>>> print(open('input09.pdb').read())   # PDB, C-alpha atoms and all ligand atoms
ATOM      1  CA  MET A   1      99.335  39.596  97.384  1.00  0.00           C
ATOM      2  CA  ILE A   2      97.580  41.527  94.721  1.00  0.00           C
ATOM      3  CA  GLY A   3      94.093  40.523  95.741  1.00  0.00           C
ATOM      4  CA  LYS A   4      91.398  40.758  93.156  1.00  0.00           C
ATOM      5  CA  LYS A   5      92.301  44.086  91.675  1.00  0.00           C
ATOM      6  CA  LEU A   6      94.649  44.495  88.787  1.00  0.00           C
ATOM      7  CA  VAL A   7      95.496  47.842  87.399  1.00  0.00           C
ATOM      8  CA  LEU A   8      95.373  48.101  83.667  1.00  0.00           C
ATOM      9  CA  GLY A   9      97.634  50.286  81.623  1.00  0.00           C
ATOM     10  CA  ILE A  10      96.805  53.862  80.999  1.00  0.00           C
ATOM     11  CA  ALA A  11      96.574  54.840  77.378  1.00  0.00           C
ATOM     12  CA  PHE A  12      99.767  56.509  76.360  1.00  0.00           C
ATOM     13  CA  PHE A  13      98.029  58.788  73.940  1.00  0.00           C
ATOM     14  CA  SER A  14      99.680  61.635  72.120  1.00  0.00           C
ATOM     15  CA  LEU A  15     103.167  60.563  73.054  1.00  0.00           C
ATOM     16  CA  PHE A  16     104.210  60.234  69.461  1.00  0.00           C
ATOM     17  CA  ILE A  17     104.313  63.351  67.443  1.00  0.00           C
ATOM     18  CA  ILE A  18     104.281  62.403  63.823  1.00  0.00           C
ATOM     19  CA  SER A  19     106.448  65.222  62.583  1.00  0.00           C
ATOM     20  CA  SER A  20     109.234  64.478  65.009  1.00  0.00           C
ATOM     21  CA  CYS A  21     109.546  60.791  64.286  1.00  0.00           C
ATOM     22  CA  LYS A  22     108.858  60.776  60.601  1.00  0.00           C
ATOM     23  CA  ASN A  23     112.493  61.227  59.641  1.00  0.00           C
ATOM     24  CA  ASP A  24     113.470  58.344  61.891  1.00  0.00           C
ATOM     25  CA  ASP A  25     111.240  55.914  60.124  1.00  0.00           C
ATOM     26  CA  GLY A  26     114.307  54.477  58.464  1.00  0.00           C
ATOM     27  CA  PRO A  27     114.127  52.060  55.590  1.00  0.00           C
ATOM     28  CA  ALA A  28     110.357  51.949  55.531  1.00  0.00           C
ATOM     29  CA  ASP A  29     108.914  50.871  52.208  1.00  0.00           C
ATOM     30  CA  PRO A  30     108.073  54.122  50.426  1.00  0.00           C
ATOM     31  CA  GLU A  31     105.172  52.447  48.643  1.00  0.00           C
ATOM     32  CA  ILE A  32     103.261  51.906  51.875  1.00  0.00           C
ATOM     33  CA  ASP A  33     101.268  54.893  53.040  1.00  0.00           C
ATOM     34  CA  ARG A  34     101.392  54.694  56.821  1.00  0.00           C
ATOM     35  CA  THR A  35     100.146  58.166  57.631  1.00  0.00           C
ATOM     36  CA  ALA A  36      96.561  57.121  58.449  1.00  0.00           C
ATOM     37  CA  ASN A  37      97.911  54.705  61.061  1.00  0.00           C
ATOM     38  CA  LEU A  38     100.273  57.119  62.812  1.00  0.00           C
ATOM     39  CA  LEU A  39      97.704  59.274  64.589  1.00  0.00           C
ATOM     40  CA  ALA A  40      96.933  59.625  68.289  1.00  0.00           C
ATOM     41  CA  THR A  41      94.913  57.139  70.337  1.00  0.00           C
ATOM     42  CA  GLY A  42      91.197  57.703  69.742  1.00  0.00           C
ATOM     43  CA  ASP A  43      91.639  59.603  66.479  1.00  0.00           C
ATOM     44  CA  SER A  44      90.157  56.695  64.499  1.00  0.00           C
ATOM     45  CA  ALA A  45      87.351  55.898  66.939  1.00  0.00           C
ATOM     46  CA  ASN A  46      84.596  56.685  64.464  1.00  0.00           C
ATOM     47  CA  ASP A  47      86.375  54.848  61.637  1.00  0.00           C
ATOM     48  CA  LEU A  48      86.621  51.762  63.847  1.00  0.00           C
ATOM     49  CA  LEU A  49      83.067  51.974  65.188  1.00  0.00           C
ATOM     50  CA  SER A  50      81.097  52.858  62.058  1.00  0.00           C
ATOM     51  CA  ASP A  51      80.987  51.492  58.526  1.00  0.00           C
ATOM     52  CA  THR A  52      81.010  54.964  56.992  1.00  0.00           C
ATOM     53  CA  THR A  53      84.555  54.737  55.666  1.00  0.00           C
ATOM     54  CA  TYR A  54      85.669  51.186  56.362  1.00  0.00           C
ATOM     55  CA  ASN A  55      83.500  48.140  55.737  1.00  0.00           C
ATOM     56  CA  SER A  56      85.761  45.632  57.484  1.00  0.00           C
ATOM     57  CA  LEU A  57      88.582  45.387  60.000  1.00  0.00           C
ATOM     58  CA  VAL A  58      91.824  43.436  60.019  1.00  0.00           C
ATOM     59  CA  LEU A  59      93.607  42.824  63.322  1.00  0.00           C
ATOM     60  CA  GLU A  60      97.285  41.910  62.975  1.00  0.00           C
ATOM     61  CA  ILE A  61      98.694  40.263  66.114  1.00  0.00           C
ATOM     62  CA  VAL A  62     102.457  39.909  66.417  1.00  0.00           C
ATOM     63  CA  SER A  63     103.517  37.909  69.484  1.00  0.00           C
ATOM     64  CA  VAL A  64     106.939  37.135  70.821  1.00  0.00           C
ATOM     65  CA  ARG A  65     107.382  33.371  70.601  1.00  0.00           C
ATOM     66  CA  GLY A  66     106.196  31.770  73.828  1.00  0.00           C
ATOM     67  CA  PHE A  67     103.745  34.575  74.552  1.00  0.00           C
ATOM     68  CA  GLU A  68     101.089  33.813  71.945  1.00  0.00           C
ATOM     69  CA  LEU A  69      97.531  34.695  72.915  1.00  0.00           C
ATOM     70  CA  ARG A  70      95.113  31.994  73.912  1.00  0.00           C
ATOM     71  CA  SER A  71      92.687  31.335  71.068  1.00  0.00           C
ATOM     72  CA  SER A  72      89.796  31.816  73.495  1.00  0.00           C
ATOM     73  CA  SER A  73      91.050  35.330  74.328  1.00  0.00           C
ATOM     74  CA  VAL A  74      91.143  36.232  70.640  1.00  0.00           C
ATOM     75  CA  GLN A  75      87.642  34.808  70.237  1.00  0.00           C
ATOM     76  CA  ASN A  76      86.431  36.835  73.228  1.00  0.00           C
ATOM     77  CA  LEU A  77      87.863  39.981  71.638  1.00  0.00           C
ATOM     78  CA  THR A  78      86.205  39.377  68.282  1.00  0.00           C
ATOM     79  CA  ASN A  79      82.911  38.635  70.045  1.00  0.00           C
ATOM     80  CA  PHE A  80      83.261  41.894  71.976  1.00  0.00           C
ATOM     81  CA  LEU A  81      83.992  43.829  68.780  1.00  0.00           C
ATOM     82  CA  ASN A  82      81.163  42.218  66.831  1.00  0.00           C
ATOM     83  CA  GLU A  83      78.782  43.383  69.543  1.00  0.00           C
ATOM     84  CA  ARG A  84      80.020  46.970  69.524  1.00  0.00           C
ATOM     85  CA  ILE A  85      81.243  47.935  66.070  1.00  0.00           C
ATOM     86  CA  ASN A  86      79.616  48.077  62.635  1.00  0.00           C
ATOM     87  CA  LYS A  87      81.726  46.107  60.182  1.00  0.00           C
ATOM     88  CA  PRO A  88      79.408  44.284  57.777  1.00  0.00           C
ATOM     89  CA  GLY A  89      82.468  42.992  55.910  1.00  0.00           C
ATOM     90  CA  GLY A  90      83.645  41.258  59.054  1.00  0.00           C
ATOM     91  CA  ILE A  91      86.722  41.098  61.250  1.00  0.00           C
ATOM     92  CA  ARG A  92      89.822  39.223  60.110  1.00  0.00           C
ATOM     93  CA  VAL A  93      92.546  38.219  62.557  1.00  0.00           C
ATOM     94  CA  ILE A  94      96.094  37.545  61.345  1.00  0.00           C
ATOM     95  CA  GLN A  95      98.604  36.184  63.849  1.00  0.00           C
ATOM     96  CA  ARG A  96     102.277  35.384  63.736  1.00  0.00           C
ATOM     97  CA  SER A  97     105.155  34.893  66.161  1.00  0.00           C
ATOM     98  CA  ILE A  98     108.574  36.499  66.120  1.00  0.00           C
ATOM     99  CA  ASP A  99     111.814  36.048  68.027  1.00  0.00           C
ATOM    100  CA  ALA A 100     112.191  38.350  71.017  1.00  0.00           C
ATOM    101  CA  PRO A 101     113.299  41.739  69.675  1.00  0.00           C
ATOM    102  CA  GLN A 102     114.978  42.474  73.013  1.00  0.00           C
ATOM    103  CA  ASN A 103     115.343  41.044  76.480  1.00  0.00           C
ATOM    104  CA  GLU A 104     115.005  44.231  78.489  1.00  0.00           C
ATOM    105  CA  ASP A 105     111.923  46.153  79.540  1.00  0.00           C
ATOM    106  CA  TYR A 106     110.260  48.170  76.805  1.00  0.00           C
ATOM    107  CA  SER A 107     110.096  51.885  76.293  1.00  0.00           C
ATOM    108  CA  LEU A 108     107.262  53.158  74.138  1.00  0.00           C
ATOM    109  CA  GLN A 109     109.771  54.273  71.552  1.00  0.00           C
ATOM    110  CA  GLN A 110     111.093  50.714  71.328  1.00  0.00           C
ATOM    111  CA  ILE A 111     107.549  49.421  70.929  1.00  0.00           C
ATOM    112  CA  ALA A 112     106.967  51.934  68.142  1.00  0.00           C
ATOM    113  CA  ASN A 113     110.209  50.880  66.449  1.00  0.00           C
ATOM    114  CA  ILE A 114     109.095  47.243  66.511  1.00  0.00           C
ATOM    115  CA  GLU A 115     105.811  48.261  64.912  1.00  0.00           C
ATOM    116  CA  ARG A 116     107.693  50.047  62.151  1.00  0.00           C
ATOM    117  CA  ASP A 117     109.740  46.899  61.484  1.00  0.00           C
ATOM    118  CA  GLN A 118     107.024  44.270  61.912  1.00  0.00           C
ATOM    119  CA  ARG A 119     103.656  45.704  60.988  1.00  0.00           C
ATOM    120  CA  GLN A 120     102.435  44.549  57.594  1.00  0.00           C
ATOM    121  CA  ASN A 121      98.807  45.713  57.520  1.00  0.00           C
ATOM    122  CA  TYR A 122      97.750  49.341  57.066  1.00  0.00           C
ATOM    123  CA  ASN A 123      94.424  50.887  56.156  1.00  0.00           C
ATOM    124  CA  SER A 124      93.254  50.162  52.653  1.00  0.00           C
ATOM    125  CA  GLU A 125      90.302  51.562  50.771  1.00  0.00           C
ATOM    126  CA  ASP A 126      87.597  49.539  52.553  1.00  0.00           C
ATOM    127  CA  GLU A 127      89.433  47.988  55.456  1.00  0.00           C
ATOM    128  CA  ILE A 128      90.839  49.557  58.601  1.00  0.00           C
ATOM    129  CA  ALA A 129      93.869  47.844  60.120  1.00  0.00           C
ATOM    130  CA  VAL A 130      94.779  47.499  63.797  1.00  0.00           C
ATOM    131  CA  TYR A 131      98.106  46.197  65.053  1.00  0.00           C
ATOM    132  CA  LEU A 132      98.857  44.487  68.369  1.00  0.00           C
ATOM    133  CA  PHE A 133     102.274  43.577  69.755  1.00  0.00           C
ATOM    134  CA  ASN A 134     102.358  41.008  72.544  1.00  0.00           C
ATOM    135  CA  ALA A 135     105.599  41.583  74.437  1.00  0.00           C
ATOM    136  CA  ASN A 136     107.969  39.305  76.334  1.00  0.00           C
ATOM    137  CA  ARG A 137     108.936  41.924  78.941  1.00  0.00           C
ATOM    138  CA  LYS A 138     107.122  44.596  80.893  1.00  0.00           C
ATOM    139  CA  SER A 139     106.952  48.310  80.273  1.00  0.00           C
ATOM    140  CA  GLU A 140     109.940  50.176  81.653  1.00  0.00           C
ATOM    141  CA  GLU A 141     107.421  52.605  83.170  1.00  0.00           C
ATOM    142  CA  ASP A 142     105.907  49.798  85.232  1.00  0.00           C
ATOM    143  CA  THR A 143     107.773  50.399  88.483  1.00  0.00           C
ATOM    144  CA  ASP A 144     105.038  50.339  91.140  1.00  0.00           C
ATOM    145  CA  PRO A 145     105.150  46.930  92.878  1.00  0.00           C
ATOM    146  CA  ASP A 146     101.445  47.141  93.720  1.00  0.00           C
ATOM    147  CA  SER A 147     100.096  47.753  90.267  1.00  0.00           C
ATOM    148  CA  PHE A 148     100.790  46.218  86.911  1.00  0.00           C
ATOM    149  CA  THR A 149     100.755  47.707  83.467  1.00  0.00           C
ATOM    150  CA  LEU A 150      99.110  45.027  81.377  1.00  0.00           C
ATOM    151  CA  GLY A 151      98.812  46.897  78.129  1.00  0.00           C
ATOM    152  CA  ALA A 152      98.742  50.270  76.414  1.00  0.00           C
ATOM    153  CA  ALA A 153      96.962  51.853  73.467  1.00  0.00           C
ATOM    154  CA  TYR A 154      99.627  54.122  72.043  1.00  0.00           C
ATOM    155  CA  ARG A 155      98.382  55.238  68.614  1.00  0.00           C
ATOM    156  CA  ASN A 156      95.089  55.372  66.740  1.00  0.00           C
ATOM    157  CA  THR A 157      95.375  51.776  65.516  1.00  0.00           C
ATOM    158  CA  SER A 158      98.184  50.364  67.655  1.00  0.00           C
ATOM    159  CA  PHE A 159      98.270  48.725  71.030  1.00  0.00           C
ATOM    160  CA  VAL A 160     100.569  46.542  73.068  1.00  0.00           C
ATOM    161  CA  LEU A 161     100.004  43.794  75.606  1.00  0.00           C
ATOM    162  CA  PHE A 162     102.654  42.945  78.167  1.00  0.00           C
ATOM    163  CA  GLY A 163     102.189  39.205  77.850  1.00  0.00           C
ATOM    164  CA  SER A 164     104.901  38.294  80.335  1.00  0.00           C
ATOM    165  CA  VAL A 165     103.162  40.320  83.058  1.00  0.00           C
ATOM    166  CA  ILE A 166      99.794  38.780  82.225  1.00  0.00           C
ATOM    167  CA  GLN A 167     101.202  35.232  82.308  1.00  0.00           C
ATOM    168  CA  ASP A 168     102.940  35.976  85.564  1.00  0.00           C
ATOM    169  CA  LEU A 169      99.747  37.223  87.210  1.00  0.00           C
ATOM    170  CA  GLY A 170      97.717  34.364  85.763  1.00  0.00           C
ATOM    171  CA  THR A 171      99.940  31.751  87.353  1.00  0.00           C
ATOM    172  CA  ARG A 172      99.717  33.236  90.850  1.00  0.00           C
ATOM    173  CA  ASN A 173      96.534  31.362  91.640  1.00  0.00           C
ATOM    174  CA  ASN A 174      94.474  34.338  92.659  1.00  0.00           C
ATOM    175  CA  GLY A 175      91.391  32.738  91.253  1.00  0.00           C
ATOM    176  CA  VAL A 176      91.809  34.714  88.045  1.00  0.00           C
ATOM    177  CA  SER A 177      93.177  32.900  85.029  1.00  0.00           C
ATOM    178  CA  THR A 178      95.644  34.095  82.446  1.00  0.00           C
ATOM    179  CA  GLU A 179      92.862  33.890  79.894  1.00  0.00           C
ATOM    180  CA  GLN A 180      90.606  36.157  81.955  1.00  0.00           C
ATOM    181  CA  ILE A 181      93.318  38.775  82.418  1.00  0.00           C
ATOM    182  CA  GLU A 182      94.354  38.522  78.779  1.00  0.00           C
ATOM    183  CA  SER A 183      90.768  38.866  77.561  1.00  0.00           C
ATOM    184  CA  ALA A 184      90.008  41.849  79.772  1.00  0.00           C
ATOM    185  CA  THR A 185      93.231  43.601  78.789  1.00  0.00           C
ATOM    186  CA  LEU A 186      92.611  43.058  75.077  1.00  0.00           C
ATOM    187  CA  GLN A 187      89.107  44.508  75.371  1.00  0.00           C
ATOM    188  CA  HIS A 188      90.141  47.386  77.635  1.00  0.00           C
ATOM    189  CA  GLU A 189      92.936  48.549  75.353  1.00  0.00           C
ATOM    190  CA  PHE A 190      90.875  48.099  72.198  1.00  0.00           C
ATOM    191  CA  ALA A 191      88.109  50.169  73.805  1.00  0.00           C
ATOM    192  CA  HIS A 192      90.630  53.025  74.133  1.00  0.00           C
ATOM    193  CA  LEU A 193      91.093  52.778  70.357  1.00  0.00           C
ATOM    194  CA  LEU A 194      87.288  53.032  70.147  1.00  0.00           C
ATOM    195  CA  GLY A 195      87.609  56.380  71.899  1.00  0.00           C
ATOM    196  CA  LEU A 196      86.829  55.587  75.517  1.00  0.00           C
ATOM    197  CA  VAL A 197      86.647  57.510  77.725  1.00  0.00           C
ATOM    198  CA  ASP A 198      86.247  60.951  76.134  1.00  0.00           C
ATOM    199  CA  LEU A 199      89.196  60.065  73.931  1.00  0.00           C
ATOM    200  CA  GLY A 200      87.783  60.675  70.469  1.00  0.00           C
ATOM    201  CA  THR A 201      84.314  59.390  71.326  1.00  0.00           C
ATOM    202  CA  PRO A 202      82.359  62.197  73.027  1.00  0.00           C
ATOM    203  CA  MET A 203      80.709  61.398  76.347  1.00  0.00           C
ATOM    204  CA  GLN A 204      76.913  61.410  76.324  1.00  0.00           C
ATOM    205  CA  THR A 205      76.943  61.899  80.086  1.00  0.00           C
ATOM    206  CA  ASP A 206      79.901  62.757  82.275  1.00  0.00           C
ATOM    207  CA  HIS A 207      81.572  59.583  83.547  1.00  0.00           C
ATOM    208  CA  LEU A 208      85.212  60.542  83.155  1.00  0.00           C
ATOM    209  CA  ASP A 209      87.612  59.588  85.935  1.00  0.00           C
ATOM    210  CA  GLU A 210      89.656  62.764  85.738  1.00  0.00           C
ATOM    211  CA  GLU A 211      92.306  61.637  88.180  1.00  0.00           C
ATOM    212  CA  ASN A 212      93.163  58.519  86.252  1.00  0.00           C
ATOM    213  CA  GLY A 213      93.315  59.596  82.653  1.00  0.00           C
ATOM    214  CA  GLN A 214      90.835  58.521  80.034  1.00  0.00           C
ATOM    215  CA  HIS A 215      88.951  56.059  82.205  1.00  0.00           C
ATOM    216  CA  CYS A 216      85.426  55.493  83.448  1.00  0.00           C
ATOM    217  CA  ASN A 217      84.361  56.370  86.972  1.00  0.00           C
ATOM    218  CA  VAL A 218      81.823  53.548  87.173  1.00  0.00           C
ATOM    219  CA  ALA A 219      83.067  50.835  89.520  1.00  0.00           C
ATOM    220  CA  ASN A 220      83.508  47.448  87.850  1.00  0.00           C
ATOM    221  CA  CYS A 221      83.273  48.875  84.336  1.00  0.00           C
ATOM    222  CA  LEU A 222      85.779  47.420  81.879  1.00  0.00           C
ATOM    223  CA  MET A 223      87.057  50.973  81.382  1.00  0.00           C
ATOM    224  CA  ASN A 224      87.671  51.687  85.060  1.00  0.00           C
ATOM    225  CA  PHE A 225      91.391  52.344  85.563  1.00  0.00           C
ATOM    226  CA  GLN A 226      91.589  49.331  87.788  1.00  0.00           C
ATOM    227  CA  ILE A 227      89.867  46.276  86.612  1.00  0.00           C
ATOM    228  CA  THR A 228      88.077  44.062  89.043  1.00  0.00           C
ATOM    229  CA  PHE A 229      87.437  40.370  88.666  1.00  0.00           C
ATOM    230  CA  SER A 230      85.108  38.640  90.987  1.00  0.00           C
ATOM    231  CA  SER A 231      86.576  35.301  91.874  1.00  0.00           C
ATOM    232  CA  GLY A 232      86.041  32.234  93.976  1.00  0.00           C
ATOM    233  CA  ASN A 233      82.560  32.061  95.403  1.00  0.00           C
ATOM    234  CA  MET A 234      81.613  35.322  93.793  1.00  0.00           C
ATOM    235  CA  ASN A 235      81.486  33.548  90.462  1.00  0.00           C
ATOM    236  CA  MET A 236      78.132  32.226  91.521  1.00  0.00           C
ATOM    237  CA  MET A 237      76.744  35.715  91.603  1.00  0.00           C
ATOM    238  CA  GLY A 238      77.105  36.135  87.893  1.00  0.00           C
ATOM    239  CA  SER A 239      79.599  37.138  85.302  1.00  0.00           C
ATOM    240  CA  SER A 240      83.087  37.229  86.659  1.00  0.00           C
ATOM    241  CA  ASP A 241      84.666  39.206  83.869  1.00  0.00           C
ATOM    242  CA  PRO A 242      84.487  42.989  83.577  1.00  0.00           C
ATOM    243  CA  GLU A 243      82.209  44.436  80.915  1.00  0.00           C
ATOM    244  CA  LEU A 244      81.385  47.875  79.605  1.00  0.00           C
ATOM    245  CA  ASP A 245      78.789  49.688  81.691  1.00  0.00           C
ATOM    246  CA  PRO A 246      75.771  51.373  80.029  1.00  0.00           C
ATOM    247  CA  LEU A 247      77.427  54.816  79.953  1.00  0.00           C
ATOM    248  CA  CYS A 248      80.418  53.573  77.966  1.00  0.00           C
ATOM    249  CA  ILE A 249      78.108  51.655  75.628  1.00  0.00           C
ATOM    250  CA  ALA A 250      75.975  54.768  75.068  1.00  0.00           C
ATOM    251  CA  ASP A 251      79.087  56.724  74.050  1.00  0.00           C
ATOM    252  CA  LEU A 252      80.050  54.078  71.487  1.00  0.00           C
ATOM    253  CA  GLN A 253      76.523  53.932  70.100  1.00  0.00           C
ATOM    254  CA  ALA A 254      76.457  57.705  69.635  1.00  0.00           C
ATOM    255  CA  ASN A 255      79.713  57.592  67.645  1.00  0.00           C
ATOM    256  CA  GLY A 256      78.751  55.020  65.045  1.00  0.00           C
ATOM    257  CA  GLY A 257      78.967  51.871  67.152  1.00  0.00           C
ATOM    258  CA  ARG A 258      76.257  49.712  68.555  1.00  0.00           C
TER
HETATM  259 ZN    ZN B 301      93.196  52.142  80.188  1.00  0.00          ZN
HETATM  260 ZN    ZN B 302      82.269  52.698  81.758  1.00  0.00          ZN
END
>>> encode(input="input09.pdb", output="structure tokens")
Amino acid sequence: MIGKKLVLGIAFFSLFIISSCKNDDGPADPEIDRTANLLATGDSANDLLSDTTYNSLVLEIVSVRGFELRSSSVQNLTNFLNERINKPGGIRVIQRSIDAPQNEDYSLQQIANIERDQRQNYNSEDEIAVYLFNANRKSEEDTDPDSFTLGAAYRNTSFVLFGSVIQDLGTRNNGVSTEQIESATLQHEFAHLLGLVDLGTPMQTDHLDEENGQHCNVANCLMNFQITFSSGNMNMMGSSDPELDPLCIADLQANGGR
């Protein structure tokens, strides 16, 4: 039994050093300038939050066939972003499905290689691009039977969801649906790209959970390292899905968000 608590993935920031993997980028199209999208998690927080440099945002979602996101989860994410970021030109979502690139658990290097092969959208003059891969297998680092890595933000504009893990948890009848887990994971990982917590967006007050990486020490916050859903009868007490607490929101507002 996993109860009501699900542990979300820790941001795997700074694992990719640009200089060391640049030569391995293989047959990449030399006409595409990828450099602005190969930085560390949180490095583009202000560019994502404010309209100073980029007027709009494009989110490219590449899912393994059979693991496509629920449309309601995508809508929840765009609602969340519209509340928190300043993009007067709007948010575009592009989705497509691909055959499974592999049938074994994923290393972060493999996830990065898939991005290199599949990603089609990079920053342009007015528009910042974010890429999401929705995977058919779990992370190979997910070895603790009591916690589950649901996603990871691994570069400044790149994140991954482990869709097979999310579907698996959603069908266990814990009172939490696949859509709820999917929505919370999408928002949690995207909020790492927005620089939470203390990951490119400076804290206005100290709420860093030092023991658990770049997470929030406020219980029930979306950016707590373990995400809590109220379920069953507790639904009657109010919102059942995790949301950002006021401290996380204040950080975003101070870095160009709202
Ligand atoms: Zn996290
Ligand atoms: Zn928080």
>>> closest_atom_pairs(input="input09.pdb", of="chain A", to="ligand ZN 301 (chain B)", cutoff="10 Å", atoms="all atoms listed in the file", output="Markdown table")
| residue | atom | partner | partner_atom | distance |
| --- | --- | --- | --- | --- |
| A:Val7 | CA | B:ZN301 | ZN | 8.7 |
| A:Leu8 | CA | B:ZN301 | ZN | 5.8 |
| A:Gly9 | CA | B:ZN301 | ZN | 5.0 |
| A:Ile10 | CA | B:ZN301 | ZN | 4.1 |
| A:Ala11 | CA | B:ZN301 | ZN | 5.2 |
| A:Phe12 | CA | B:ZN301 | ZN | 8.8 |
| A:Thr149 | CA | B:ZN301 | ZN | 9.4 |
| A:Leu150 | CA | B:ZN301 | ZN | 9.3 |
| A:Gly151 | CA | B:ZN301 | ZN | 8.0 |
| A:Ala152 | CA | B:ZN301 | ZN | 7.0 |
| A:Ala153 | CA | B:ZN301 | ZN | 7.7 |
| A:Thr185 | CA | B:ZN301 | ZN | 8.7 |
| A:Gln187 | CA | B:ZN301 | ZN | 9.9 |
| A:His188 | CA | B:ZN301 | ZN | 6.2 |
| A:Glu189 | CA | B:ZN301 | ZN | 6.0 |
| A:Phe190 | CA | B:ZN301 | ZN | 9.3 |
| A:Ala191 | CA | B:ZN301 | ZN | 8.4 |
| A:His192 | CA | B:ZN301 | ZN | 6.6 |
| A:Leu196 | CA | B:ZN301 | ZN | 8.6 |
| A:Val197 | CA | B:ZN301 | ZN | 8.8 |
| A:Asn212 | CA | B:ZN301 | ZN | 8.8 |
| A:Gly213 | CA | B:ZN301 | ZN | 7.9 |
| A:Gln214 | CA | B:ZN301 | ZN | 6.8 |
| A:His215 | CA | B:ZN301 | ZN | 6.1 |
| A:Cys216 | CA | B:ZN301 | ZN | 9.1 |
| A:Leu222 | CA | B:ZN301 | ZN | 9.0 |
| A:Met223 | CA | B:ZN301 | ZN | 6.4 |
| A:Asn224 | CA | B:ZN301 | ZN | 7.4 |
| A:Phe225 | CA | B:ZN301 | ZN | 5.7 |
| A:Gln226 | CA | B:ZN301 | ZN | 8.3 |
| A:Ile227 | CA | B:ZN301 | ZN | 9.3 |
>>> closest_residue(input="input09.pdb", among="A:Ile166, A:Leu108, A:Leu49, A:Ala36", to="Glu68 in chain A", atoms="only C-alpha atoms")
A:Ile166
>>> closest_atom_pairs(input="input09.pdb", of="chain A", to="ligand ZN 302 (chain B)", cutoff="6 Å", atoms="only C-alpha atoms and all ligand atoms", output="Markdown table")
| residue | atom | partner | partner_atom | distance |
| --- | --- | --- | --- | --- |
| A:Cys216 | CA | B:ZN302 | ZN | 4.5 |
| A:Val218 | CA | B:ZN302 | ZN | 5.5 |
| A:Cys221 | CA | B:ZN302 | ZN | 4.7 |
| A:Met223 | CA | B:ZN302 | ZN | 5.1 |
| A:Leu244 | CA | B:ZN302 | ZN | 5.4 |
| A:Asp245 | CA | B:ZN302 | ZN | 4.6 |
| A:Leu247 | CA | B:ZN302 | ZN | 5.6 |
| A:Cys248 | CA | B:ZN302 | ZN | 4.3 |
>>> closest_residue(input="input09.pdb", among="A:Ser158, A:Ser177, A:Gln109, A:Thr205", to="Val130 in chain A", atoms="all atoms listed in the file")
A:Ser158
>>> residues_around(input="input09.pdb", residues="Glu127 in chain A", least_positions_apart="6", cutoff="8 Å", atoms="all atoms listed in the file", output="PDB file with C-alpha atoms, in the frame of the given file")
ATOM      1  CA  TYR A  54      85.669  51.186  56.362  1.00  0.00           C
ATOM      2  CA  ASN A  55      83.500  48.140  55.737  1.00  0.00           C
ATOM      3  CA  SER A  56      85.761  45.632  57.484  1.00  0.00           C
ATOM      4  CA  LEU A  57      88.582  45.387  60.000  1.00  0.00           C
ATOM      5  CA  VAL A  58      91.824  43.436  60.019  1.00  0.00           C
TER       6      VAL A  58
END
>>> axis_aligned_box(input="input09.pdb", around="range 203-215 of chain A", padding_each_side="8 Å", output="JSON")
{"center_x": 85.1, "center_y": 59.4, "center_z": 82.3, "size_x": 32.4, "size_y": 22.7, "size_z": 27.9}
>>> resolve_selection(input="input09.pdb", expression="the PyMOL selection byres (((chain A and resi 120) around 12) and not hetatm)", output="JSON, numbers by chain")
{"A": [28, 29, 32, 33, 34, 37, 58, 59, 60, 61, 62, 94, 95, 96, 114, 115, 116, 117, 118, 119, 121, 122, 123, 124, 129, 130, 131, 132]}
>>> resolve_selection(input="input09.pdb", expression="the PyMOL selection byres (((chain A and resi 81) around 12) and not hetatm)", output="MDAnalysis selection string")
chainID A and resid 48:50 56:59 74:80 82:88 90:93 186:188 190:191 193:194 244 249 252 257:258
>>> write_last_selection(input="input09.pdb", atoms="C-alpha atoms", output="CSV table (one decimal), in the coordinates of the input")
chain,number,residue,atom,x,y,z
A,48,LEU,CA,86.6,51.8,63.8
A,49,LEU,CA,83.1,52.0,65.2
A,50,SER,CA,81.1,52.9,62.1
A,56,SER,CA,85.8,45.6,57.5
A,57,LEU,CA,88.6,45.4,60.0
A,58,VAL,CA,91.8,43.4,60.0
A,59,LEU,CA,93.6,42.8,63.3
A,74,VAL,CA,91.1,36.2,70.6
A,75,GLN,CA,87.6,34.8,70.2
A,76,ASN,CA,86.4,36.8,73.2
A,77,LEU,CA,87.9,40.0,71.6
A,78,THR,CA,86.2,39.4,68.3
A,79,ASN,CA,82.9,38.6,70.0
A,80,PHE,CA,83.3,41.9,72.0
A,82,ASN,CA,81.2,42.2,66.8
A,83,GLU,CA,78.8,43.4,69.5
A,84,ARG,CA,80.0,47.0,69.5
A,85,ILE,CA,81.2,47.9,66.1
A,86,ASN,CA,79.6,48.1,62.6
A,87,LYS,CA,81.7,46.1,60.2
A,88,PRO,CA,79.4,44.3,57.8
A,90,GLY,CA,83.6,41.3,59.1
A,91,ILE,CA,86.7,41.1,61.2
A,92,ARG,CA,89.8,39.2,60.1
A,93,VAL,CA,92.5,38.2,62.6
A,186,LEU,CA,92.6,43.1,75.1
A,187,GLN,CA,89.1,44.5,75.4
A,188,HIS,CA,90.1,47.4,77.6
A,190,PHE,CA,90.9,48.1,72.2
A,191,ALA,CA,88.1,50.2,73.8
A,193,LEU,CA,91.1,52.8,70.4
A,194,LEU,CA,87.3,53.0,70.1
A,244,LEU,CA,81.4,47.9,79.6
A,249,ILE,CA,78.1,51.7,75.6
A,252,LEU,CA,80.0,54.1,71.5
A,257,GLY,CA,79.0,51.9,67.2
A,258,ARG,CA,76.3,49.7,68.6
>>> resolve_selection(input="input09.pdb", expression="the PyMOL selection byres (((chain A and resi 66) around 12) and not hetatm)", output="list in words")
Val62, Ser63, Val64, Arg65, Phe67, Glu68, Leu69, Arg70, Arg96, Ser97, Ile98, Asp99, Ala100, Asn134, Ala135, Asn136, Arg137, Gly163, Ser164 and Gln167 of chain A
>>> closest_residue(input="input09.pdb", among="A:Glu179, A:Asp198, A:Leu161, A:Asn156", to="Leu39 in chain A", atoms="all atoms listed in the file")
A:Asn156
